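Notes to accompany the following structure.
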Amino acid sequence: MNTRAVPLPLVTPRPLLAPVSRRAFGRLTLGGGAALGLVGPALAELRIDITSGRVDPLPLAVVDFRGDGIEATRIGREVGGIIRANLERSGLFAPIDHAAFIQSDLQFDAIPRFDDWRKINAQALVHGRIIMLAGGQFRVEYRLWDVFAEQYMTGTALTAIQESMRRAAHIISDMIYKRITGEEGYFDTRIVYISERGPQNRREKRLAIMDQDGASHMFLTDGRTLVLTPRFSPTLQEITYLAYYAKKPRVYIFNLESAQQEVLGDFPGMTFAPRFSPDGNRVIMSLARDGITDLYTMDLRTHRVARLTDSSSIDTSPSYSPDGSQVAFNSDRGGAQQLYVMNADGSGVTRISFGNGRYATPVWSPRGDLIAFTKMTGGRFHIGVMRTDGSGERLLSEGYLVEAPSWAPNGRVLVYFKQDRTDSSGRGGTTRLHTIDLTGYNDRELVTPEDASDPAWSPLIR
């Protein structure tokens, strides 16, 4: 089956990746050659155990990064602020207000006065500096300290242009998160979603993308074409989505580097829920033909289409396991909408959901241990997770309409959308993105310029 380019009205985005390079410090030394290793008594290592459910946020101090000039100083304040906001938003850290700081003269190459930081209950300390380099580049350095153990924990140097400072701050946030929790961070990521505006009966929907904290927001399409269900490729450079062009639903691939899109093919009937395979070589989707909806894959190298399911039911919302060996999907083949798992070739179909209500939109965790889903029961919608065999079901969020969970790349946080009820005059019905920890705590709105739905979280950018 041949693919062909079909022009859609676009807003040209900036390059997805801005240049950032980094060099991890090996053995940090002072100017006189003294090692910044263990400088106090050896105590238990500072660490947050996030496998045991809800944890109290760790108090930490993030000092504005020092700069060697007015511009570098301004950038240092911005970098420090982004790091504080990232860590606080995770729900695992409680940044201490600057007004409480006792030591105000902390130099980058000096050992902190730990007593001053213990007095304000800071268990961890982050500080750094910004150095201007030739050619419009900056060197960003940071250090992380265990205050109560009086111990240096980690540090890194990065080189970035000014436009990439947010990314540098996100990368540092990820390193701090990993050093203290033992798990990968998720701050150097992006979220693609559907931006919505206008009356409910004439809704304009645009493809939009932003950093995970809502910054660097861009619209990728201008709204003249209806777009739905965007999903990232594993390489981060492409998005697959459904678009209605000339009133026909088609699956497209949008290249974020070139701002070009390509239609995968003209499939008869309706097409739903396209998603990349973990290796990026295939797209899995559901196609409706003659009242029957089955799952299909397309090989992006050969354009060969293969049918995976063949039943008289509605099979849709497919999602690959991280290793690509299995697919989760929802189907009404048992009489009601439930979750199923099968092998990637369509064999071995097994039902995994057996609770009250209907289940939809399963999404496999990047860690492979859980499947997130939408559940409808008792006139309410829920976002939940269960193990891949269907055991251990837990509901994390509920509302009038909550739907479409998507995992952060570390499998710790979910993004989804929540819609309010409209009143008798048609007012209300606002739709917003939210993030929530997989334990069900730390539910927060992710602010967008307009209403928002169908979010998808990217892999780590680097």
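Lettering and numbering for the structure tokens are positional, with chains as A, B, ... in the shown order, residues counted from 1 in each chain, and ligands counted from 1 in the shown order.
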
* Asked: Can you tell me, as a list in words, what residues are no more than 9 Å from A:Val227 when counting only C-alpha atoms, ignoring any on the same chain fewer than 2 positions away?
  ->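 Once the nearby chain positions are removed, what remains is Ile194, Lys205, Arg206, Leu207, Thr221, Gly223, Thr225, Thr229, Pro230, Tyr241, Leu242, Ala243 and Tyr244 of chain A.
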
* For A:Gly81, please output as a count of residues only all residues within 12 Å (counting only C-alpha atoms; exclusion window: fewer than 4 positions along the same chain). => 24

* To do: For A:Val147, list every protein, DNA or RNA residue within 9 Å, evaluated using only C-alpha atoms, and leave out those in the same chain fewer than 4 positions away; present the list as a ChimeraX atom specification.
  => /A:46,112,114-115,117-118,122-125,151-152

Selected residues written out with C-alpha atoms, as a JSON list (two decimals), in the first residue's frame:
[["chain", "number", "residue", "atom", "x", "y", "z"],
["A", 46, "LEU", "CA", 19.84, 10.15, 51.68],
["A", 112, "PRO", "CA", 28.45, 24.38, 52.54],
["A", 114, "PHE", "CA", 25.91, 22.31, 56.93],
["A", 115, "ASP", "CA", 24.80, 23.56, 60.35],
["A", 117, "TRP", "CA", 21.13, 24.19, 56.37],
["A", 118, "ARG", "CA", 20.26, 21.71, 59.12],
["A", 122, "ALA", "CA", 17.02, 21.01, 54.63],
["A", 123, "GLN", "CA", 17.90, 17.37, 54.08],
["A", 124, "ALA", "CA", 19.36, 18.00, 50.63],
["A", 125, "LEU", "CA", 21.06, 21.04, 49.11],
["A", 151, "GLN", "CA", 28.27, 14.36, 52.07],
["A", 152, "TYR", "CA", 28.63, 15.29, 48.41]]

* **Separation of atom CA of A:Leu339 from atom CA of A:Gly291 in Å** =>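 So the two atoms, atom CA of A:Gly291 and atom CA of A:Leu339, lie 20.3 Å apart.
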
* Exercise: A:Asp213 partners within 10 Å, only C-alpha atoms, chain neighbours under 2 positions left out, as a count of residues only -> 18

* To do: Have a look at A:Arg113, A:Arg367, A:Arg304, A:Arg202 and name the one nearest to A:Asn410; count only C-alpha atoms.
  =>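 Closest candidate: A:Arg367.
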
* Asked: Rounded to one decimal in Å, what is the spacing between atom CA of A:Gly324 and atom CA of A:Thr309?
  -> 16.7 Å

* Can you list, as a PyMOL selection string, every protein, DNA or RNA residue that comes within 12 Å of A:Ser347 when you count only C-alpha atoms, leaving out same-chain residues fewer than 2 positions away? -> chain A and resi 307-310+325-327+340-345+349-350

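Straight-line separation from atom CA of A:Leu264 to atom CA of A:Gly368: 28.3 Å.
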
* Do a neighbour search on A:Pro57 at 7 Å with only C-alpha atoms, toss out local chain neighbours closer than 2 positions, and write the hits as a ChimeraX atom specification. => /A:55,59,91-94

Which residues of stretch 367-416 of chain A come within 8 Å of stretch 421-437 of chain A, and for each one, what is the closest pair of atoms and their distance in Å to one decimal, counting only C-alpha atoms, sorted by chain and residue number, as JSON lines?
{"residue": "A:Leu396", "atom": "CA", "partner": "A:Ile436", "partner_atom": "CA", "distance": 7.8}
{"residue": "A:Tyr400", "atom": "CA", "partner": "A:Arg421", "partner_atom": "CA", "distance": 6.3}
{"residue": "A:Leu401", "atom": "CA", "partner": "A:Arg421", "partner_atom": "CA", "distance": 7.9}
{"residue": "A:Arg412", "atom": "CA", "partner": "A:Asp437", "partner_atom": "CA", "distance": 6.2}
{"residue": "A:Val413", "atom": "CA", "partner": "A:Asp437", "partner_atom": "CA", "distance": 4.5}
{"residue": "A:Leu414", "atom": "CA", "partner": "A:Ile436", "partner_atom": "CA", "distance": 5.4}
{"residue": "A:Val415", "atom": "CA", "partner": "A:Thr435", "partner_atom": "CA", "distance": 4.3}
{"residue": "A:Tyr416", "atom": "CA", "partner": "A:His434", "partner_atom": "CA", "distance": 5.5}

* From the DSSP assignment of the backbone, select every residue of stretch 188-425 of chain A that is strand (DSSP E), and format the answer as number ranges by chain. => A: 190-197, 204-211, 218-219, 226-232, 238-245, 248-255, 260-263, 270-276, 282-289, 292-299, 305-307, 315-320, 326-331, 338-343, 350-351, 358-364, 370-377, 380-387, 394-399, 401-407, 413-419

* **Proximity to A:Thr374 - best of A:Asp332, A:Pro409, A:Pro459, A:Phe417, only C-alpha atoms** =>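 Comparing A:Asp332, A:Pro409, A:Pro459, A:Phe417 against A:Thr374, the winner is A:Phe417.
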
At a cut-off of 12 Å, using only C-alpha atoms, what residues contact A:Gly378? Leave out same-chain residues fewer than 6 positions from it and give the result as a JSON list (two decimals) with C-alpha atoms, in the first residue's frame.
[["chain", "number", "residue", "atom", "x", "y", "z"],
["A", 356, "ASN", "CA", -18.01, -4.02, 37.76],
["A", 357, "GLY", "CA", -18.49, -1.55, 34.92],
["A", 358, "ARG", "CA", -16.83, -1.06, 31.56],
["A", 398, "GLU", "CA", -12.63, 9.81, 39.37],
["A", 399, "GLY", "CA", -14.92, 12.44, 37.90],
["A", 400, "TYR", "CA", -17.80, 13.23, 35.62]]

* Asked: Which parts of stretch 64-154 of chain A does DSSP call alpha helix (DSSP H) when run on the backbone here, written out as a ChimeraX atom specification?
  -> /A:70-89,114-118
